[in-house]
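> Data: work_6.txt, compact mmCIF, C-alpha atoms.
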# COMPACT_ATOMS: atom_id res chain seq x y z
CA MET H 1 -39.41 9.52 16.61
CA MET H 2 -38.81 5.80 16.24
CA GLY H 3 -41.79 3.46 16.61
CA THR H 4 -39.80 0.36 17.50
CA VAL H 5 -36.92 0.01 19.92
CA PRO H 6 -33.86 -1.42 18.08
CA LYS H 7 -32.83 -4.86 19.33
CA LYS H 8 -29.18 -5.53 20.05
CA ASN H 9 -29.52 -9.27 19.42
CA PHE H 10 -30.65 -8.50 15.86
CA GLY H 11 -27.83 -6.00 15.36
CA GLN H 12 -30.39 -3.35 14.43
CA HIS H 13 -29.31 0.16 13.46
CA PHE H 14 -32.25 1.65 11.58
CA LEU H 15 -31.43 3.93 8.67
CA THR H 16 -33.22 7.24 9.25
CA SER H 17 -31.60 9.51 6.67
CA THR H 18 -33.80 9.99 3.60
CA HIS H 19 -30.80 11.41 1.74
CA TYR H 20 -28.73 8.24 2.09
CA ALA H 21 -31.72 5.95 1.65
CA GLN H 22 -32.39 7.64 -1.69
CA LYS H 23 -28.76 7.24 -2.76
CA ILE H 24 -28.91 3.52 -1.99
CA ALA H 25 -32.24 3.04 -3.78
CA ASP H 26 -30.91 4.87 -6.85
CA ALA H 27 -27.82 2.65 -7.02
CA ILE H 28 -29.57 -0.40 -8.48
CA LYS H 29 -29.14 -0.56 -12.25
CA ALA H 30 -32.39 -2.23 -13.27
CA ASP H 31 -35.82 -1.46 -14.69
CA SER H 32 -39.11 -1.51 -12.81
CA LYS H 33 -39.84 -5.15 -13.69
CA ALA H 34 -36.62 -6.45 -12.13
CA CYS H 35 -36.68 -8.84 -9.21
CA VAL H 36 -35.37 -6.85 -6.24
CA VAL H 37 -34.97 -8.36 -2.77
CA GLU H 38 -34.30 -6.16 0.24
CA ILE H 39 -32.63 -7.90 3.18
CA GLY H 40 -33.52 -6.44 6.57
CA ALA H 41 -36.32 -4.02 5.71
CA GLY H 42 -36.42 -2.63 9.25
CA GLN H 43 -38.73 0.37 9.55
CA GLY H 44 -38.89 0.87 5.81
CA ALA H 45 -36.72 3.95 5.20
CA LEU H 46 -35.25 2.23 2.14
CA SER H 47 -38.27 0.06 1.35
CA ARG H 48 -40.58 3.02 0.73
CA LEU H 49 -38.18 4.40 -1.88
CA LEU H 50 -37.51 1.03 -3.50
CA ILE H 51 -41.23 0.37 -3.98
CA LYS H 52 -41.46 3.53 -6.09
CA ARG H 53 -38.91 2.04 -8.50
CA PHE H 54 -39.74 -1.64 -8.10
CA PRO H 55 -43.46 -2.21 -7.32
CA HIS H 56 -42.95 -5.98 -6.94
CA LEU H 57 -40.30 -5.57 -4.25
CA HIS H 58 -39.57 -8.52 -1.96
CA MET H 59 -38.55 -7.69 1.61
CA ILE H 60 -37.01 -10.07 4.12
CA GLU H 61 -37.44 -9.28 7.82
CA MET H 62 -37.21 -11.50 10.89
CA ASP H 63 -38.37 -9.08 13.59
CA ARG H 64 -42.13 -9.55 14.03
CA ASP H 65 -42.42 -6.31 15.99
CA VAL H 66 -41.09 -4.43 12.98
CA ILE H 67 -43.16 -6.22 10.33
CA GLY H 68 -46.55 -4.98 11.55
CA ARG H 69 -45.48 -1.34 11.55
CA LEU H 70 -43.64 -1.77 8.25
CA THR H 71 -46.75 -3.19 6.58
CA ASN H 72 -48.87 -0.26 7.72
CA ASN H 73 -46.31 2.32 6.60
CA LEU H 74 -45.85 1.09 3.03
CA ALA H 75 -47.89 2.25 0.07
CA GLN H 76 -50.27 -0.23 -1.50
CA GLY H 77 -48.81 -2.40 -4.20
CA SER H 78 -47.81 -5.94 -5.13
CA TRP H 79 -44.81 -6.01 -2.80
CA THR H 80 -44.24 -8.94 -0.44
CA ILE H 81 -42.74 -9.23 3.05
CA HIS H 82 -41.12 -12.56 3.86
CA GLU H 83 -40.78 -13.21 7.58
CA GLY H 84 -37.76 -15.23 8.62
CA ASN H 85 -34.02 -15.43 9.05
CA VAL H 86 -32.33 -14.69 5.74
CA LEU H 87 -29.61 -17.22 6.55
CA ASP H 88 -32.23 -20.00 6.60
CA MET H 89 -34.17 -18.81 3.56
CA ASP H 90 -34.28 -20.53 0.19
CA PHE H 91 -33.69 -17.85 -2.43
CA GLY H 92 -35.10 -20.13 -5.12
CA ARG H 93 -38.55 -18.65 -4.44
CA PHE H 94 -37.42 -15.36 -6.01
CA GLY H 95 -36.43 -16.80 -9.38
CA THR H 96 -33.35 -15.58 -11.24
CA SER H 97 -31.53 -12.34 -12.07
CA ILE H 98 -32.12 -11.10 -8.53
CA HIS H 99 -30.87 -7.71 -7.38
CA PHE H 100 -30.20 -7.95 -3.64
CA ILE H 101 -30.03 -4.80 -1.54
CA GLY H 102 -30.00 -3.92 2.14
CA ASN H 103 -28.57 -2.37 5.25
CA LEU H 104 -27.02 -5.52 6.70
CA PRO H 105 -26.76 -6.21 10.43
CA TYR H 106 -23.14 -5.76 11.49
CA ASN H 107 -23.04 -9.06 13.38
CA ILE H 108 -23.98 -11.33 10.44
CA GLY H 109 -23.22 -9.13 7.43
CA ALA H 110 -20.38 -11.29 6.09
CA LEU H 111 -22.49 -14.46 6.40
CA ILE H 112 -25.32 -12.87 4.42
CA ILE H 113 -22.93 -11.69 1.70
CA LYS H 114 -21.49 -15.20 1.35
CA LYS H 115 -24.94 -16.80 1.16
CA VAL H 116 -26.06 -14.38 -1.53
CA LEU H 117 -22.94 -14.69 -3.66
CA LEU H 118 -22.92 -18.48 -3.50
CA CYS H 119 -26.20 -18.36 -5.46
CA GLY H 120 -23.94 -17.44 -8.36
CA GLN H 121 -25.69 -16.78 -11.66
CA GLN H 122 -29.07 -16.61 -9.90
CA VAL H 123 -27.96 -13.15 -8.73
CA ALA H 124 -27.62 -10.10 -10.98
CA SER H 125 -26.13 -7.73 -8.40
CA CYS H 126 -25.85 -7.00 -4.70
CA THR H 127 -25.82 -3.53 -3.15
CA PHE H 128 -25.17 -3.70 0.57
CA MET H 129 -24.37 -1.33 3.40
CA VAL H 130 -21.90 -2.68 5.95
CA GLN H 131 -19.25 -1.39 8.29
CA ARG H 132 -16.73 0.70 6.37
CA GLU H 133 -13.89 -1.57 7.47
CA VAL H 134 -15.72 -4.60 6.01
CA ALA H 135 -16.44 -2.82 2.72
CA GLU H 136 -12.80 -1.82 2.42
CA ARG H 137 -11.73 -5.42 2.96
CA ILE H 138 -14.17 -6.61 0.30
CA ALA H 139 -12.83 -4.11 -2.26
CA ALA H 140 -9.16 -4.40 -1.25
CA ASP H 141 -6.51 -4.60 -3.98
CA PRO H 142 -3.75 -7.22 -4.06
CA GLY H 143 -0.86 -6.16 -1.86
CA SER H 144 -3.10 -4.26 0.54
CA LYS H 145 -3.05 -5.16 4.23
CA ARG H 146 -6.84 -5.36 3.98
CA ASN H 147 -6.72 -8.03 1.28
CA GLY H 148 -7.90 -11.30 2.80
CA PHE H 149 -10.23 -14.24 2.39
CA LEU H 150 -13.37 -12.06 2.19
CA SER H 151 -11.72 -9.97 -0.55
CA ILE H 152 -10.90 -13.01 -2.69
CA PHE H 153 -14.29 -14.61 -2.03
CA CYS H 154 -16.25 -11.56 -3.17
CA GLN H 155 -13.95 -10.71 -6.07
CA PHE H 156 -14.40 -14.18 -7.53
CA PHE H 157 -17.99 -13.17 -8.35
CA GLY H 158 -17.34 -9.67 -9.69
CA LYS H 159 -15.52 -6.40 -9.12
CA PRO H 160 -16.69 -4.79 -5.85
CA ARG H 161 -17.08 -1.00 -5.89
CA ILE H 162 -17.49 1.17 -2.83
CA LEU H 163 -20.16 3.67 -3.85
CA PHE H 164 -20.14 6.02 -0.86
CA HIS H 165 -19.71 6.20 2.91
CA VAL H 166 -22.48 6.80 5.44
CA PRO H 167 -21.90 8.61 8.76
CA PRO H 168 -23.16 7.28 12.13
CA GLY H 169 -25.68 10.12 12.34
CA ALA H 170 -27.71 8.55 9.51
CA PHE H 171 -28.87 5.76 11.85
CA PHE H 172 -30.80 5.18 15.05
CA PRO H 173 -29.17 4.28 17.31
CA LYS H 174 -25.89 5.75 16.10
CA PRO H 175 -23.29 3.02 15.52
CA LYS H 176 -19.77 3.61 16.77
CA VAL H 177 -18.30 3.21 13.30
CA GLU H 178 -18.82 4.61 9.81
CA SER H 179 -20.68 2.54 7.23
CA SER H 180 -20.17 2.11 3.50
CA VAL H 181 -22.33 1.02 0.59
CA PHE H 182 -20.69 -1.32 -1.91
CA GLN H 183 -21.96 -3.01 -5.03
CA ILE H 184 -21.00 -6.12 -6.97
CA GLU H 185 -22.42 -6.84 -10.41
CA ILE H 186 -22.16 -10.59 -10.83
CA GLU H 187 -20.05 -11.79 -13.75
CA SER H 188 -21.79 -13.89 -16.39
CA ASN H 189 -18.96 -16.40 -16.82
CA LEU H 190 -18.73 -17.92 -13.34
CA GLU H 191 -19.21 -21.50 -14.54
CA LYS H 192 -16.52 -20.98 -17.17
CA LYS H 193 -14.12 -19.66 -14.56
CA LEU H 194 -14.75 -22.64 -12.29
CA LYS H 195 -17.46 -25.29 -12.19
CA ARG H 196 -20.00 -24.78 -9.41
CA ASP H 197 -19.20 -28.09 -7.71
CA LYS H 198 -15.62 -26.88 -7.17
CA TRP H 199 -16.40 -23.51 -5.58
CA GLU H 200 -16.40 -24.68 -1.97
CA ARG H 201 -13.11 -26.52 -2.49
CA PHE H 202 -11.56 -23.42 -4.03
CA PHE H 203 -12.69 -21.19 -1.18
CA SER H 204 -11.35 -23.70 1.35
CA PHE H 205 -8.05 -23.55 -0.49
CA VAL H 206 -8.00 -19.75 -0.23
CA ASP H 207 -8.99 -19.88 3.43
CA LYS H 208 -6.12 -22.24 4.12
CA GLY H 209 -3.74 -19.89 2.34
CA PHE H 210 -4.73 -17.04 4.68
CA LEU H 211 -4.45 -19.03 7.91
CA SER H 212 -1.24 -17.26 8.84
CA ARG H 213 -0.82 -13.94 7.05
CA ARG H 214 2.76 -13.49 8.27
CA LYS H 215 3.95 -16.71 6.65
CA MET H 216 4.92 -17.14 3.02
CA LEU H 217 2.16 -18.59 0.87
CA VAL H 218 4.15 -21.69 -0.01
CA ASN H 219 4.31 -22.57 3.69
CA ASN H 220 0.64 -21.87 4.39
CA LEU H 221 -0.56 -24.15 1.62
CA GLY H 222 1.35 -27.07 3.06
CA THR H 223 2.07 -28.47 -0.39
CA GLN H 224 4.96 -30.86 -0.91
CA ASN H 225 5.84 -29.13 -4.15
CA LYS H 226 6.99 -25.82 -2.65
CA CYS H 227 9.63 -25.18 -5.29
CA ALA H 228 7.10 -25.56 -8.08
CA VAL H 229 4.66 -23.20 -6.35
CA ALA H 230 7.46 -20.68 -5.83
CA GLY H 231 8.27 -20.96 -9.52
CA TYR H 232 4.63 -20.39 -10.42
CA LEU H 233 4.53 -17.23 -8.30
CA GLU H 234 7.63 -15.87 -10.02
CA LYS H 235 6.17 -16.66 -13.43
CA ALA H 236 3.08 -14.66 -12.41
CA GLY H 237 5.31 -11.68 -11.65
CA LEU H 238 5.27 -12.23 -7.89
CA SER H 239 8.02 -13.02 -5.45
CA ALA H 240 8.55 -16.65 -4.48
CA LYS H 241 8.32 -15.34 -0.91
CA SER H 242 4.90 -13.79 -1.49
CA ARG H 243 2.47 -13.68 1.38
CA PRO H 244 -1.20 -14.48 0.78
CA GLU H 245 -2.41 -10.86 0.63
CA GLN H 246 -0.15 -10.17 -2.36
CA LEU H 247 -2.32 -12.29 -4.67
CA GLY H 248 -5.59 -11.15 -6.23
CA ALA H 249 -8.60 -13.33 -7.01
CA HIS H 250 -7.29 -14.08 -10.51
CA GLU H 251 -3.94 -15.34 -9.19
CA TRP H 252 -5.59 -17.41 -6.48
CA LEU H 253 -7.86 -19.09 -9.01
CA ALA H 254 -5.02 -19.76 -11.43
CA LEU H 255 -2.92 -21.26 -8.65
CA TYR H 256 -5.82 -23.46 -7.54
CA LYS H 257 -6.43 -24.70 -11.07
CA SER H 258 -2.78 -25.51 -11.63
CA GLU H 259 -1.43 -28.97 -10.93
CA LEU H 260 1.08 -27.65 -8.44
CA VAL H 261 -1.13 -27.73 -5.40
CA LYS H 262 -3.09 -30.91 -6.04
Could you write out this file's structure as structure tokens?

Amino acid sequence: MMGTVPKKNFGQHFLTSTHYAQKIADAIKADSKACVVEIGAGQGALSRLLIKRFPHLHMIEMDRDVIGRLTNNLAQGSWTIHEGNVLDMDFGRFGTSIHFIGNLPYNIGALIIKKVLLCGQQVASCTFMVQREVAERIAADPGSKRNGFLSIFCQFFGKPRILFHVPPGAFFPKPKVESSVFQIEIESNLEKKLKRDKWERFFSFVDKGFLSRRKMLVNNLGTQNKCAVAGYLEKAGLSAKSRPEQLGAHEWLALYKSELVK
């Protein structure tokens, strides 16, 4: 049935279900002229459907053994396959207002998501399939045990929505876990929220805050002004003894921008 043997080192689990491929392809809210980039085209189960909606589709694939078969299986059109590792690729070649989509490899999914989102306003949306546990962390609400650095990172850029779950039987080979498709429509005011040159510093601040989830936030941040930070938390309607997962992206950003932690 499958023309190419999946490679473990690439984290390949090829989507074989036309039903779920169609649901993913239909999820992008854009017209036919939009710039759509598929990450990890694989054997083209999703690509074939995307090309019907977006004739100028860009596909990124690093497995040469897959690319030849993929090229032969796709309908003629003005689509483009870019060979290479997405983590090393310059997205500037695609222009702006990009809609990213893809069935991401489990082993580097979070890294791909971070690279895409850090493009900021260059991106219009991202619609990715990942492990269900990862998707639930990305969309976690404040106070949830799943709320962590990845939650805050992604929610800085927009409100993640889990669209639907995908069973192991929709792939070859079958993964041991369930997958989920989530979507983030990128907010238009990112630079107003925080200047681009401060993003990395903000995310480092959040990462530091989550270093020890069992400790109170005021202790994790290591600030000398613990009483002031505790007072800020109470003013925000939170306990002075709050742990990092009790804050949402808005509270983290407000705390970072305050003078209390400088």
> Using all atoms listed in the file, pick whichever of H:Glu187, H:Glu83, H:Glu251, H:Asp63 has the shortest atom-to-atom distance to H:Leu117.
H:Glu187
> Give me, as a PyMOL selection string, all polymer residues having an atom no more than 12 Å from H:Gly68, counting all atoms listed in the file and skipping those fewer than 4 positions away in the same chain.
chain H and resi 3-4+41-44+61-64+72-74+81+83
> Restricting the calculation to only C-alpha atoms: of H:Gly120, H:Gly109, H:Gly102, H:Gly84, which residue gets closest to H:Lys195?
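For H:Lys195, the nearest of the given residues is H:Gly120.
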> H:Leu87, H:Cys35, H:Ala25, H:Leu163: which is nearest H:Leu50, counting all atoms listed in the file?
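Smallest separation from H:Leu50 among the options: H:Ala25.
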> If we count all atoms listed in the file, what is near H:Lys159 at a cut-off of 12 Å, once residues fewer than 3 positions away on the same chain are taken out, given as JSON, numbers by chain?
{"H": [125, 126, 138, 139, 140, 141, 151, 152, 153, 154, 155, 156, 162, 182, 183, 184, 185, 186, 187, 248, 249, 250]}
